[in-house]
$ cat coords18.cif   # mmCIF, C-alpha atoms
data_data
loop_
_atom_site.label_atom_id
_atom_site.label_comp_id
_atom_site.auth_asym_id
_atom_site.auth_seq_id
_atom_site.Cartn_x
_atom_site.Cartn_y
_atom_site.Cartn_z
CA MET Z 1 -1.51 0.38 26.78
CA LYS Z 2 0.64 3.16 25.29
CA ILE Z 3 0.97 2.75 21.52
CA GLY Z 4 3.38 4.56 19.22
CA LEU Z 5 2.56 5.25 15.57
CA LEU Z 6 5.00 6.58 12.98
CA GLY Z 7 3.54 8.32 9.92
CA SER Z 8 0.76 10.74 9.04
CA GLY Z 9 -0.92 9.76 5.75
CA GLY Z 10 -4.22 8.14 4.90
CA ARG Z 11 -2.79 4.72 5.71
CA GLU Z 12 -1.71 5.91 9.16
CA HIS Z 13 -5.13 7.45 9.83
CA ALA Z 14 -6.63 4.03 9.06
CA ILE Z 15 -4.14 2.34 11.41
CA ALA Z 16 -4.80 4.91 14.15
CA GLU Z 17 -8.57 4.36 14.00
CA ALA Z 18 -8.07 0.59 14.33
CA LEU Z 19 -5.63 1.00 17.22
CA LYS Z 20 -7.95 3.30 19.17
CA LYS Z 21 -11.04 1.08 19.14
CA GLU Z 22 -10.51 0.63 22.90
CA SER Z 23 -10.16 4.36 23.44
CA GLN Z 24 -10.74 4.19 27.19
CA ARG Z 25 -7.97 1.62 27.60
CA ASP Z 26 -5.27 2.63 25.09
CA ARG Z 27 -3.34 5.85 24.47
CA LEU Z 28 -1.84 6.81 21.11
CA PHE Z 29 1.42 8.73 20.59
CA VAL Z 30 2.10 9.77 17.00
CA PHE Z 31 5.23 11.04 15.23
CA GLY Z 32 4.31 12.28 11.73
CA ASN Z 33 5.94 14.35 9.04
CA SER Z 34 2.87 16.57 8.63
CA SER Z 35 -0.42 17.36 10.28
CA ASN Z 36 -3.28 14.84 9.92
CA LEU Z 37 -6.45 16.17 11.46
CA GLY Z 38 -8.05 12.71 11.58
CA ILE Z 39 -5.19 11.28 13.63
CA GLU Z 40 -4.88 14.41 15.76
CA ARG Z 41 -8.49 14.02 16.90
CA ILE Z 42 -7.79 10.66 18.51
CA ALA Z 43 -4.08 10.88 19.43
CA ASP Z 44 -2.98 11.71 22.96
CA GLN Z 45 0.22 13.33 21.69
CA TYR Z 46 1.16 14.35 18.14
CA CYS Z 47 4.66 15.42 17.14
CA ILE Z 48 5.73 16.63 13.68
CA GLY Z 49 9.24 15.94 12.40
CA ASN Z 50 11.31 14.19 9.76
CA LEU Z 51 10.46 10.48 9.38
CA THR Z 52 14.14 9.62 8.88
CA GLU Z 53 15.37 11.68 11.84
CA THR Z 54 16.01 8.58 13.90
CA PRO Z 55 17.27 10.16 17.17
CA ALA Z 56 14.23 12.46 17.37
CA ILE Z 57 11.85 9.57 16.70
CA VAL Z 58 13.46 7.35 19.33
CA SER Z 59 13.49 10.20 21.87
CA PHE Z 60 9.79 10.91 21.32
CA PHE Z 61 8.70 7.33 21.90
CA LYS Z 62 11.06 6.88 24.86
CA LEU Z 63 9.76 10.08 26.43
CA HIS Z 64 6.23 8.69 26.39
CA SER Z 65 7.28 5.17 27.48
CA VAL Z 66 5.30 3.48 24.71
CA ASP Z 67 4.74 -0.26 24.90
CA TYR Z 68 5.35 -0.71 21.19
CA VAL Z 69 5.50 1.19 17.89
CA VAL Z 70 3.73 0.59 14.56
CA ILE Z 71 5.65 1.99 11.58
CA GLY Z 72 3.41 3.01 8.68
CA PRO Z 73 5.52 4.20 5.71
CA GLU Z 74 8.45 2.52 3.99
CA LEU Z 75 11.00 5.36 4.26
CA PRO Z 76 11.72 5.05 8.02
CA LEU Z 77 11.97 1.27 7.60
CA THR Z 78 14.59 1.51 4.85
CA HIS Z 79 16.47 4.02 7.03
CA GLY Z 80 16.67 1.62 9.98
CA VAL Z 81 14.28 3.30 12.41
CA ALA Z 82 12.94 -0.09 13.52
CA ASP Z 83 16.47 -1.24 14.40
CA ALA Z 84 17.11 1.89 16.46
CA LEU Z 85 13.88 1.47 18.43
CA ARG Z 86 14.58 -2.20 19.13
CA ALA Z 87 18.06 -1.24 20.32
CA GLU Z 88 16.24 0.77 23.02
CA ASN Z 89 14.10 -2.28 23.93
CA ILE Z 90 10.98 -0.86 22.31
CA PRO Z 91 9.05 -3.58 20.43
CA VAL Z 92 8.29 -2.60 16.83
CA LEU Z 93 5.85 -3.76 14.19
CA GLY Z 94 8.07 -3.24 11.17
CA PRO Z 95 11.04 -5.10 9.67
CA SER Z 96 14.72 -4.32 10.07
CA LYS Z 97 16.69 -2.11 7.69
CA LEU Z 98 18.17 -5.13 5.92
CA GLN Z 99 14.78 -6.83 5.56
CA ALA Z 100 13.26 -3.57 4.31
CA GLN Z 101 15.56 -3.71 1.28
CA LEU Z 102 12.97 -6.10 -0.14
CA GLU Z 103 11.07 -2.90 -0.98
CA GLY Z 104 13.88 -0.36 -0.88
CA SER Z 105 15.84 -2.05 -3.68
CA LYS Z 106 14.00 -3.77 -6.51
CA THR Z 107 17.17 -5.64 -7.51
CA PHE Z 108 17.59 -6.93 -3.92
CA MET Z 109 14.09 -8.34 -4.21
CA ARG Z 110 14.73 -9.97 -7.59
CA HIS Z 111 18.08 -11.48 -6.46
CA LEU Z 112 16.43 -12.85 -3.30
CA MET Z 113 13.68 -14.44 -5.40
CA GLN Z 114 16.25 -15.94 -7.75
CA GLU Z 115 18.66 -17.27 -5.14
CA TYR Z 116 16.38 -18.34 -2.26
CA VAL Z 117 12.94 -19.01 -3.76
CA GLY Z 118 13.49 -19.98 -7.39
CA TRP Z 119 9.93 -19.66 -8.69
CA GLY Z 120 7.07 -17.16 -9.06
CA SER Z 121 9.19 -14.36 -10.56
CA LEU Z 122 9.22 -12.83 -14.03
CA ARG Z 123 12.08 -12.20 -16.45
CA TRP Z 124 14.14 -9.19 -15.43
CA ARG Z 125 17.49 -7.55 -16.02
CA GLU Z 126 19.50 -4.89 -14.23
CA ILE Z 127 20.73 -2.63 -17.02
CA ASN Z 128 23.43 0.06 -17.25
CA SER Z 129 23.51 0.70 -21.00
CA THR Z 130 20.94 1.24 -23.74
CA ALA Z 131 22.58 -1.51 -25.81
CA GLU Z 132 21.83 -4.04 -23.03
CA ALA Z 133 18.34 -2.56 -22.75
CA ARG Z 134 17.63 -3.11 -26.44
CA ARG Z 135 18.71 -6.75 -26.21
CA PHE Z 136 16.39 -7.37 -23.23
CA ILE Z 137 13.47 -5.60 -24.94
CA ASP Z 138 13.98 -7.87 -27.97
CA GLU Z 139 14.08 -10.88 -25.64
CA VAL Z 140 10.64 -10.07 -24.20
CA ASP Z 141 9.17 -9.13 -27.61
CA GLY Z 142 8.89 -5.48 -26.66
CA GLN Z 143 6.72 -6.18 -23.61
CA VAL Z 144 8.83 -4.27 -21.10
CA VAL Z 145 8.35 -2.43 -17.82
CA VAL Z 146 10.89 0.24 -16.83
CA LYS Z 147 11.55 0.77 -13.12
CA PRO Z 148 14.02 2.94 -11.20
CA ILE Z 149 15.88 0.76 -8.68
CA GLY Z 150 14.86 2.54 -5.49
CA LEU Z 151 11.67 3.82 -3.86
CA THR Z 152 9.25 5.63 -6.15
CA GLY Z 153 6.08 5.86 -4.05
CA GLY Z 154 4.22 3.75 -6.59
CA LYS Z 155 4.65 6.39 -9.30
CA GLY Z 156 7.97 5.64 -11.02
CA VAL Z 157 6.93 2.66 -13.15
CA GLN Z 158 6.53 3.06 -16.93
CA VAL Z 159 4.76 0.27 -18.86
CA MET Z 160 5.00 -0.46 -22.58
CA GLY Z 161 1.60 -0.03 -24.20
CA GLN Z 162 0.35 2.07 -21.30
CA HIS Z 163 2.86 4.91 -20.86
CA LEU Z 164 5.45 3.97 -23.48
CA HIS Z 165 4.35 3.54 -27.09
CA SER Z 166 7.52 2.52 -28.92
CA VAL Z 167 10.89 0.91 -28.29
CA ASP Z 168 12.60 4.23 -29.05
CA GLU Z 169 10.49 5.98 -26.40
CA ALA Z 170 11.41 3.25 -23.89
CA LEU Z 171 15.11 3.53 -24.72
CA SER Z 172 15.00 7.31 -24.32
CA LEU Z 173 13.53 6.94 -20.82
CA ILE Z 174 16.02 4.19 -19.94
CA ASP Z 175 18.93 6.39 -21.06
CA GLU Z 176 17.62 9.25 -18.90
CA ILE Z 177 17.37 7.03 -15.80
CA ILE Z 178 20.83 5.52 -16.39
CA ARG Z 179 22.38 8.99 -16.67
CA THR Z 180 20.77 9.93 -13.35
CA ASP Z 181 21.02 6.69 -11.36
CA GLY Z 182 23.66 4.66 -13.18
CA THR Z 183 21.37 1.66 -13.53
CA VAL Z 184 17.75 0.74 -14.22
CA LEU Z 185 15.59 -2.35 -13.76
CA LEU Z 186 13.79 -3.79 -16.77
CA GLU Z 187 11.09 -6.41 -16.33
CA GLU Z 188 8.89 -8.42 -18.60
CA ARG Z 189 5.40 -6.96 -18.84
CA MET Z 190 2.86 -9.49 -17.57
CA ILE Z 191 -0.73 -9.57 -18.84
CA GLY Z 192 -3.47 -10.30 -16.30
CA GLU Z 193 -5.17 -8.86 -13.24
CA GLU Z 194 -3.16 -7.51 -10.34
CA PHE Z 195 -4.11 -8.10 -6.73
CA SER Z 196 -2.74 -7.24 -3.30
CA ARG Z 197 -2.18 -9.89 -0.66
CA ILE Z 198 -1.07 -8.49 2.70
CA ALA Z 199 -0.06 -10.65 5.64
CA LEU Z 200 0.62 -9.88 9.29
CA VAL Z 201 3.89 -11.65 10.07
CA SER Z 202 5.40 -12.38 13.46
CA GLY Z 203 8.31 -14.78 13.12
CA ASN Z 204 6.85 -18.16 12.20
CA THR Z 205 3.25 -16.90 12.41
CA PHE Z 206 1.86 -15.77 9.06
CA VAL Z 207 -1.70 -14.40 8.94
CA PRO Z 208 -3.05 -13.46 5.48
CA MET Z 209 -5.51 -10.56 5.40
CA PRO Z 210 -8.46 -10.07 3.00
CA ILE Z 211 -7.24 -9.79 -0.59
CA ALA Z 212 -7.65 -6.35 -2.18
CA GLN Z 213 -7.42 -4.94 -5.67
CA ASP Z 214 -5.82 -1.51 -5.99
CA PHE Z 215 -6.36 0.90 -8.90
CA LYS Z 216 -3.04 2.60 -9.68
CA TYR Z 217 -3.94 4.58 -12.78
CA ALA Z 218 -5.28 8.11 -12.52
CA PHE Z 219 -8.46 7.78 -14.58
CA GLU Z 220 -11.35 5.45 -15.41
CA GLY Z 221 -10.52 2.35 -17.42
CA ASP Z 222 -6.94 2.27 -16.09
CA THR Z 223 -5.80 5.25 -18.17
CA GLY Z 224 -3.52 8.16 -17.29
CA GLY Z 225 -0.40 8.27 -15.15
CA MET Z 226 0.59 6.07 -12.24
CA THR Z 227 -0.55 7.27 -8.83
CA GLY Z 228 -0.08 6.17 -5.25
CA GLY Z 229 -3.43 4.37 -5.66
CA MET Z 230 -6.86 5.83 -6.43
CA GLY Z 231 -8.81 3.29 -4.39
CA SER Z 232 -9.36 -0.39 -3.72
CA TYR Z 233 -11.97 -2.97 -2.81
CA THR Z 234 -12.26 -6.29 -1.01
CA MET Z 235 -14.98 -8.94 -1.22
CA GLN Z 236 -17.16 -10.38 1.52
CA ASP Z 237 -15.27 -13.70 1.51
CA GLY Z 238 -11.84 -12.07 1.60
CA ARG Z 239 -11.03 -13.31 -1.92
CA LEU Z 240 -11.44 -11.81 -5.39
CA PRO Z 241 -13.85 -13.19 -8.01
CA PHE Z 242 -11.18 -13.79 -10.69
CA LEU Z 243 -8.84 -15.79 -8.39
CA SER Z 244 -8.86 -19.57 -8.07
CA GLU Z 245 -8.01 -21.47 -4.91
CA SER Z 246 -4.73 -22.42 -6.55
CA ASP Z 247 -3.91 -18.75 -7.23
CA ILE Z 248 -4.33 -17.87 -3.57
CA GLU Z 249 -2.33 -20.88 -2.39
CA GLN Z 250 0.53 -19.95 -4.75
CA ALA Z 251 0.59 -16.35 -3.53
CA ASP Z 252 0.58 -17.33 0.15
CA ARG Z 253 3.25 -20.00 -0.32
CA LEU Z 254 5.48 -17.54 -2.17
CA MET Z 255 5.11 -14.94 0.58
CA ALA Z 256 5.88 -17.50 3.28
CA GLU Z 257 9.04 -18.58 1.44
CA VAL Z 258 10.15 -14.95 1.11
CA VAL Z 259 9.67 -14.45 4.86
CA SER Z 260 11.87 -17.48 5.51
CA ALA Z 261 14.50 -16.18 3.09
CA LEU Z 262 14.54 -12.77 4.80
CA GLU Z 263 15.05 -14.40 8.19
CA LYS Z 264 17.88 -16.51 6.78
CA ILE Z 265 19.61 -13.47 5.24
CA SER Z 266 19.17 -11.15 8.22
CA GLY Z 267 19.42 -13.63 11.09
CA THR Z 268 16.33 -12.10 12.74
CA PRO Z 269 12.62 -12.95 12.56
CA TYR Z 270 10.40 -10.76 10.38
CA ARG Z 271 7.84 -8.79 12.39
CA GLY Z 272 5.52 -6.52 10.49
CA PHE Z 273 3.29 -6.41 7.44
CA LEU Z 274 4.33 -7.98 4.14
CA TYR Z 275 2.49 -6.85 1.03
CA GLY Z 276 2.73 -8.86 -2.15
CA GLN Z 277 1.60 -7.24 -5.39
CA PHE Z 278 0.74 -10.17 -7.65
CA ILE Z 279 -0.68 -10.66 -11.11
CA ALA Z 280 -3.02 -13.51 -12.06
CA GLY Z 281 -2.25 -14.39 -15.67
CA ARG Z 282 -2.44 -17.19 -18.17
CA HIS Z 283 -0.23 -19.59 -16.22
CA GLY Z 284 -1.06 -18.82 -12.61
CA VAL Z 285 0.33 -16.18 -10.28
CA THR Z 286 3.50 -14.07 -10.64
CA ILE Z 287 4.95 -11.61 -8.13
CA ILE Z 288 5.29 -8.03 -9.40
CA GLU Z 289 6.90 -6.62 -6.25
CA PHE Z 290 6.90 -6.74 -2.47
CA ASN Z 291 6.34 -3.95 0.03
CA VAL Z 292 7.37 -4.25 3.67
CA ARG Z 293 4.40 -2.34 5.09
CA LEU Z 294 0.68 -1.94 4.55
CA GLY Z 295 -0.32 -0.70 1.11
CA ASP Z 296 -2.13 2.60 0.67
CA PRO Z 297 -5.07 2.52 -0.10
CA GLU Z 298 -5.40 -1.19 0.75
CA ALA Z 299 -4.64 -0.47 4.43
CA ILE Z 300 -7.77 1.66 4.55
CA ASN Z 301 -9.83 -1.39 3.55
CA VAL Z 302 -8.21 -4.03 5.71
CA MET Z 303 -7.82 -1.96 8.86
CA ALA Z 304 -11.55 -1.16 8.71
CA LEU Z 305 -12.27 -4.92 8.61
CA PHE Z 306 -10.35 -5.96 11.76
CA ALA Z 307 -12.89 -7.69 14.02
CA CYS Z 308 -10.54 -8.43 16.94
CA ASP Z 309 -8.65 -6.45 19.57
CA THR Z 310 -6.39 -4.80 16.99
CA ALA Z 311 -4.15 -2.97 19.45
CA ASN Z 312 -3.37 -6.14 21.40
CA VAL Z 313 -2.98 -8.30 18.27
CA LEU Z 314 -0.41 -5.90 16.80
CA TYR Z 315 1.36 -5.70 20.17
CA GLN Z 316 1.72 -9.48 20.30
CA ALA Z 317 2.97 -9.46 16.71
CA ALA Z 318 5.62 -6.86 17.61
CA LEU Z 319 6.71 -9.03 20.55
CA GLY Z 320 6.88 -12.15 18.37
CA ASN Z 321 4.05 -13.83 20.31
CA LEU Z 322 1.22 -13.59 17.79
CA ASP Z 323 -1.48 -16.27 17.95
CA ALA Z 324 -3.05 -16.58 14.51
CA GLU Z 325 -6.34 -17.65 16.10
CA ALA Z 326 -6.60 -14.24 17.79
CA VAL Z 327 -6.81 -12.43 14.42
CA SER Z 328 -10.19 -12.08 12.74
CA PHE Z 329 -11.84 -9.93 10.09
CA GLU Z 330 -15.42 -8.96 9.39
CA LYS Z 331 -17.15 -11.03 6.70
CA ARG Z 332 -18.04 -7.91 4.75
CA ALA Z 333 -16.95 -6.29 1.54
CA SER Z 334 -15.17 -2.94 1.65
CA LEU Z 335 -14.63 -0.09 -0.77
CA CYS Z 336 -12.21 2.84 -0.62
CA LYS Z 337 -12.01 5.75 -3.06
CA TYR Z 338 -9.51 8.59 -2.87
CA LEU Z 339 -10.51 12.17 -3.65
CA VAL Z 340 -7.55 13.94 -5.25
CA PRO Z 341 -6.79 17.40 -6.71
CA SER Z 342 -8.07 17.64 -10.28
CA GLY Z 343 -4.54 17.79 -11.76
CA TYR Z 344 -3.10 14.87 -9.76
CA PRO Z 345 -0.62 13.18 -10.33
CA GLU Z 346 0.95 15.38 -13.04
CA LYS Z 347 0.48 18.61 -11.06
CA SER Z 348 1.10 19.17 -7.36
CA GLN Z 349 -1.94 21.32 -6.63
CA LYS Z 350 -1.45 22.79 -3.19
CA ASP Z 351 -3.65 25.40 -1.53
CA LEU Z 352 -6.91 24.46 -3.22
CA ILE Z 353 -9.68 25.48 -0.83
CA PHE Z 354 -12.80 23.33 -0.64
CA HIS Z 355 -15.80 22.61 1.56
CA LEU Z 356 -16.84 19.15 2.71
CA ASP Z 357 -19.70 18.15 5.00
CA GLU Z 358 -18.26 15.30 7.11
CA THR Z 359 -21.63 14.72 8.77
CA LYS Z 360 -23.22 13.69 5.46
CA VAL Z 361 -20.45 11.16 4.87
CA VAL Z 362 -21.05 9.50 8.24
CA GLN Z 363 -24.84 9.61 7.84
CA ALA Z 364 -24.47 7.77 4.53
CA GLY Z 365 -22.60 4.94 6.31
CA PHE Z 366 -19.08 5.85 5.21
CA GLN Z 367 -15.96 7.15 6.96
CA ILE Z 368 -13.24 9.62 5.99
CA ARG Z 369 -9.54 8.89 6.16
CA PHE Z 370 -7.56 12.12 5.88
CA ALA Z 371 -4.27 12.21 3.98
CA SER Z 372 -2.76 15.31 2.32
CA VAL Z 373 -5.12 18.00 3.60
CA GLU Z 374 -5.31 20.73 6.20
CA ARG Z 375 -8.38 22.10 7.97
CA GLN Z 376 -9.09 25.83 7.60
CA SER Z 377 -12.36 25.94 9.56
CA ASP Z 378 -15.17 23.55 10.58
CA SER Z 379 -16.05 22.53 7.01
CA THR Z 380 -13.32 24.26 4.97
CA PHE Z 381 -10.13 22.45 3.97
CA ARG Z 382 -6.91 23.14 2.00
CA THR Z 383 -5.13 20.61 -0.21
CA LEU Z 384 -1.45 19.90 0.39
CA GLY Z 385 -0.73 18.55 -3.09
CA SER Z 386 -1.07 14.75 -3.04
CA ARG Z 387 -4.05 12.44 -2.53
CA THR Z 388 -6.35 14.51 -0.35
CA LEU Z 389 -8.62 12.12 1.53
CA ALA Z 390 -10.22 8.72 1.18
CA ILE Z 391 -13.79 7.62 1.83
CA VAL Z 392 -14.27 4.02 2.95
CA GLY Z 393 -17.36 1.90 3.55
CA LYS Z 394 -18.35 -1.68 4.34
CA GLY Z 395 -21.29 -3.70 3.04
CA GLU Z 396 -22.48 -6.76 1.13
CA ASN Z 397 -20.48 -6.21 -2.07
CA PRO Z 398 -18.29 -3.56 -3.73
CA SER Z 399 -20.79 -2.66 -6.45
CA GLN Z 400 -23.52 -1.87 -3.90
CA LEU Z 401 -21.02 0.25 -1.98
CA SER Z 402 -19.83 1.95 -5.16
CA ASN Z 403 -23.38 2.88 -6.17
CA ALA Z 404 -24.07 4.32 -2.72
CA LEU Z 405 -20.78 6.23 -2.64
CA GLU Z 406 -21.28 7.65 -6.14
CA GLY Z 407 -24.69 8.95 -5.07
CA LEU Z 408 -23.10 10.62 -2.05
CA LEU Z 409 -20.23 12.13 -4.06
CA ARG Z 410 -22.59 13.57 -6.68
CA GLU Z 411 -24.02 15.56 -3.81
CA ILE Z 412 -20.92 16.54 -1.81
CA GLU Z 413 -17.72 16.19 -3.90
CA PRO Z 414 -15.95 19.57 -4.13
CA PRO Z 415 -15.38 20.87 -7.70
CA VAL Z 416 -11.60 21.07 -7.19
CA LEU Z 417 -11.35 17.34 -6.37
CA ARG Z 418 -12.03 14.23 -8.42
CA HIS Z 419 -12.13 10.44 -8.02
CA ARG Z 420 -12.40 7.28 -10.10
CA GLN Z 421 -16.02 6.31 -10.51
CA ASP Z 422 -15.31 2.80 -11.82
CA ILE Z 423 -13.60 1.40 -8.71
CA GLY Z 424 -15.70 -1.46 -7.35
CA SER Z 425 -18.49 -1.11 -9.92
CA GLU Z 426 -20.30 -4.19 -11.18
CA GLU Z 427 -19.10 -3.49 -14.72
CA THR Z 428 -15.49 -3.30 -13.52
CA LEU Z 429 -15.69 -6.57 -11.58
CA THR Z 430 -17.35 -8.37 -14.50
CA ARG Z 431 -14.68 -7.10 -16.90
CA LYS Z 432 -11.88 -8.35 -14.66
CA VAL Z 433 -13.40 -11.80 -14.26
CA ASP Z 434 -13.87 -12.04 -18.03
CA HIS Z 435 -10.29 -10.88 -18.62
CA VAL Z 436 -8.76 -13.71 -16.58
CA ARG Z 437 -11.21 -16.26 -17.99
CA ARG Z 438 -10.21 -15.33 -21.56
CA LEU Z 439 -6.51 -15.51 -20.71
CA ARG Z 440 -6.91 -19.00 -19.27
CA SER Z 441 -9.37 -20.45 -21.78
#

$ encode --input "coords18.cif" --output "structure tokens"
Amino acid sequence: MKIGLLGSGGREHAIAEALKKESQRDRLFVFGNSSNLGIERIADQYCIGNLTETPAIVSFFKLHSVDYVVIGPELPLTHGVADALRAENIPVLGPSKLQAQLEGSKTFMRHLMQEYVGWGSLRWREINSTAEARRFIDEVDGQVVVKPIGLTGGKGVQVMGQHLHSVDEALSLIDEIIRTDGTVLLEERMIGEEFSRIALVSGNTFVPMPIAQDFKYAFEGDTGGMTGGMGSYTMQDGRLPFLSESDIEQADRLMAEVVSALEKISGTPYRGFLYGQFIAGRHGVTIIEFNVRLGDPEAINVMALFACDTANVLYQAALGNLDAEAVSFEKRASLCKYLVPSGYPEKSQKDLIFHLDETKVVQAGFQIRFASVERQSDSTFRTLGSRTLAIVGKGENPSQLSNALEGLLREIEPPVLRHRQDIGSEETLTRKVDHVRRLRS
């Protein structure tokens, strides 16, 4: 089978590794916006270009007569690349341009929830003046989240009590965004524990994947600025220890209803990944936002756990023929931690040179997923400014994996890079379970 892959980050390296499990059978053709040495090692052809340059993307995949294409990032989806490929009779795992507005426009998502679903959302308001903003902030007792309307790569959100420390500071930011964009989205800040539920969707077939918890903040204890995600973990049973059965049922039902609403609005079945970012709070589960692709870093966890013929399963999903019984995942926990430049996310630190012994990583039972990094020589690398690379492992539980990974990183982590030590630790998991228990007691 000839498989197309669009994208070149850590998420796409994880997808590529899963797609090439049957390396003697399948061939991989990749169109990325930058070099990714991990993908290049296993790809049959690798082309670099603009991920929104639709004619070039279509031409590349037509030239190689691919059987189907997996789209990794959100930007080509919101620009209609999936529509253009389907117009050329190339099956695609990725939603249409209209459906992708669920992620591309936060107000589209909130209006869809309000008009077609009617539950599971939080209080929100689309604002175009600071006077309106002040009224909404009063309405939610100062517990506000400020979000630009469009795509922000996970780094545009500002939370009261975390990044904003007074109403005046919030209003100043809101005024700045309004002057730039004309409008801003304000949401009620929810208290609880966030979790990521990703499903593989193919029309009426909806297959939930192991639940992950992502760590968005830059430093230990959820401090510092928002990032694209510093790491994530999953549990052996595919659940999280602070979630009840009812929580999971609510999340899955909400996602299924959103899929139905998207099909009703667009007139076409949804084929691709749907990622719900939820929060488990005092009164159950609330949706924070939806993404129309795999999360990053969560993709690194879940793609490593596929226990079936991934390439064929995703092909059938792209065709609309997915059999849920054909999808299976390993009954193991997983842990992923990103190594990032020391100044990330405030500073874009390009051209940092470091050494890393890949052999030691593999010998310790882990794998590398390359992201924003370039090879200089066999063991010398150069940062390209964003999250550099991720290390992922599988085992009995996240805390055991975290202990093992911390031991490895004490030995091999380059001085110019850093990571969050608390992701997956026993102390972190205990604190999160206690947090939800206190909220609900």

$ resolve_selection --input "coords18.cif" --expression "the PyMOL selection byres ((chain Z and resi 109) around 12)" --output "JSON, numbers by chain"
{"Z": [98, 99, 100, 101, 102, 103, 104, 105, 106, 107, 108, 110, 111, 112, 113, 114, 115, 116, 117, 121, 122, 124, 126, 149, 150, 185, 258, 259, 261, 262, 276, 287, 288, 289, 290, 291, 292]}

$ closest_atom_pairs --input "coords18.cif" --of "stretch 249-359 of chain Z" --to "stretch 418-440 of chain Z" --cutoff "9 Å" --atoms "only C-alpha atoms" --output "tab-separated table"
residue	atom	partner	partner_atom	distance
Z:Ala280	CA	Z:Val436	CA	7.3
Z:Gly281	CA	Z:Val436	CA	6.6
Z:Arg282	CA	Z:Arg440	CA	4.9
Z:His283	CA	Z:Arg440	CA	7.4
Z:Gly284	CA	Z:Arg440	CA	8.9
Z:Leu335	CA	Z:Gly424	CA	6.8
Z:Cys336	CA	Z:Ile423	CA	8.3
Z:Lys337	CA	Z:His419	CA	6.8
Z:Tyr338	CA	Z:His419	CA	6.1
Z:Leu339	CA	Z:His419	CA	5.0
Z:Val340	CA	Z:Arg418	CA	5.5
Z:Pro341	CA	Z:Arg418	CA	6.4
Z:Ser342	CA	Z:Arg418	CA	5.5
Z:Gly343	CA	Z:Arg418	CA	8.9

$ write_last_selection --input "coords18.cif" --atoms "C-alpha atoms" --output "PDB file, in the coordinates of the input"
ATOM      1  CA  ALA Z 280      -3.020 -13.510 -12.060  1.00  0.00           C
ATOM      2  CA  GLY Z 281      -2.250 -14.390 -15.670  1.00  0.00           C
ATOM      3  CA  ARG Z 282      -2.440 -17.190 -18.170  1.00  0.00           C
ATOM      4  CA  HIS Z 283      -0.230 -19.590 -16.220  1.00  0.00           C
ATOM      5  CA  GLY Z 284      -1.060 -18.820 -12.610  1.00  0.00           C
ATOM      6  CA  LEU Z 335     -14.630  -0.090  -0.770  1.00  0.00           C
ATOM      7  CA  CYS Z 336     -12.210   2.840  -0.620  1.00  0.00           C
ATOM      8  CA  LYS Z 337     -12.010   5.750  -3.060  1.00  0.00           C
ATOM      9  CA  TYR Z 338      -9.510   8.590  -2.870  1.00  0.00           C
ATOM     10  CA  LEU Z 339     -10.510  12.170  -3.650  1.00  0.00           C
ATOM     11  CA  VAL Z 340      -7.550  13.940  -5.250  1.00  0.00           C
ATOM     12  CA  PRO Z 341      -6.790  17.400  -6.710  1.00  0.00           C
ATOM     13  CA  SER Z 342      -8.070  17.640 -10.280  1.00  0.00           C
ATOM     14  CA  GLY Z 343      -4.540  17.790 -11.760  1.00  0.00           C
TER      15      GLY Z 343
END

$ atom_distance --input "coords18.cif" --atom1 "atom CA of Z:Ala84" --atom2 "atom CA of Z:Val69"
11.7 Å

$ residues_around --input "coords18.cif" --residues "Z:Met209" --least-positions-apart "5" --cutoff "12 Å" --atoms "all atoms listed in the file" --output "count of residues only"
34

$ atom_distance --input "coords18.cif" --atom1 "atom CA of Z:Leu389" --atom2 "atom CA of Z:Pro76"
22.5 Å

$ resolve_selection --input "coords18.cif" --expression "the PyMOL selection byres ((chain Z and resi 379) around 12)" --output "VMD selection string"
chain Z and resid 353 to 360 374 to 378 380 to 382 412 414

$ write_last_selection --input "coords18.cif" --atoms "C-alpha atoms" --output "PDB file, keeping the file's coordinate frame"
ATOM      1  CA  ILE Z 353      -9.680  25.480  -0.830  1.00  0.00           C
ATOM      2  CA  PHE Z 354     -12.800  23.330  -0.640  1.00  0.00           C
ATOM      3  CA  HIS Z 355     -15.800  22.610   1.560  1.00  0.00           C
ATOM      4  CA  LEU Z 356     -16.840  19.150   2.710  1.00  0.00           C
ATOM      5  CA  ASP Z 357     -19.700  18.150   5.000  1.00  0.00           C
ATOM      6  CA  GLU Z 358     -18.260  15.300   7.110  1.00  0.00           C
ATOM      7  CA  THR Z 359     -21.630  14.720   8.770  1.00  0.00           C
ATOM      8  CA  LYS Z 360     -23.220  13.690   5.460  1.00  0.00           C
ATOM      9  CA  GLU Z 374      -5.310  20.730   6.200  1.00  0.00           C
ATOM     10  CA  ARG Z 375      -8.380  22.100   7.970  1.00  0.00           C
ATOM     11  CA  GLN Z 376      -9.090  25.830   7.600  1.00  0.00           C
ATOM     12  CA  SER Z 377     -12.360  25.940   9.560  1.00  0.00           C
ATOM     13  CA  ASP Z 378     -15.170  23.550  10.580  1.00  0.00           C
ATOM     14  CA  THR Z 380     -13.320  24.260   4.970  1.00  0.00           C
ATOM     15  CA  PHE Z 381     -10.130  22.450   3.970  1.00  0.00           C
ATOM     16  CA  ARG Z 382      -6.910  23.140   2.000  1.00  0.00           C
ATOM     17  CA  ILE Z 412     -20.920  16.540  -1.810  1.00  0.00           C
ATOM     18  CA  PRO Z 414     -15.950  19.570  -4.130  1.00  0.00           C
TER      19      PRO Z 414
END

$ closest_residue --input "coords18.cif" --among "Z:Gln349, Z:Gln45, Z:Thr52, Z:Gln143" --to "Z:Arg387" --atoms "all atoms listed in the file"
Z:Gln349
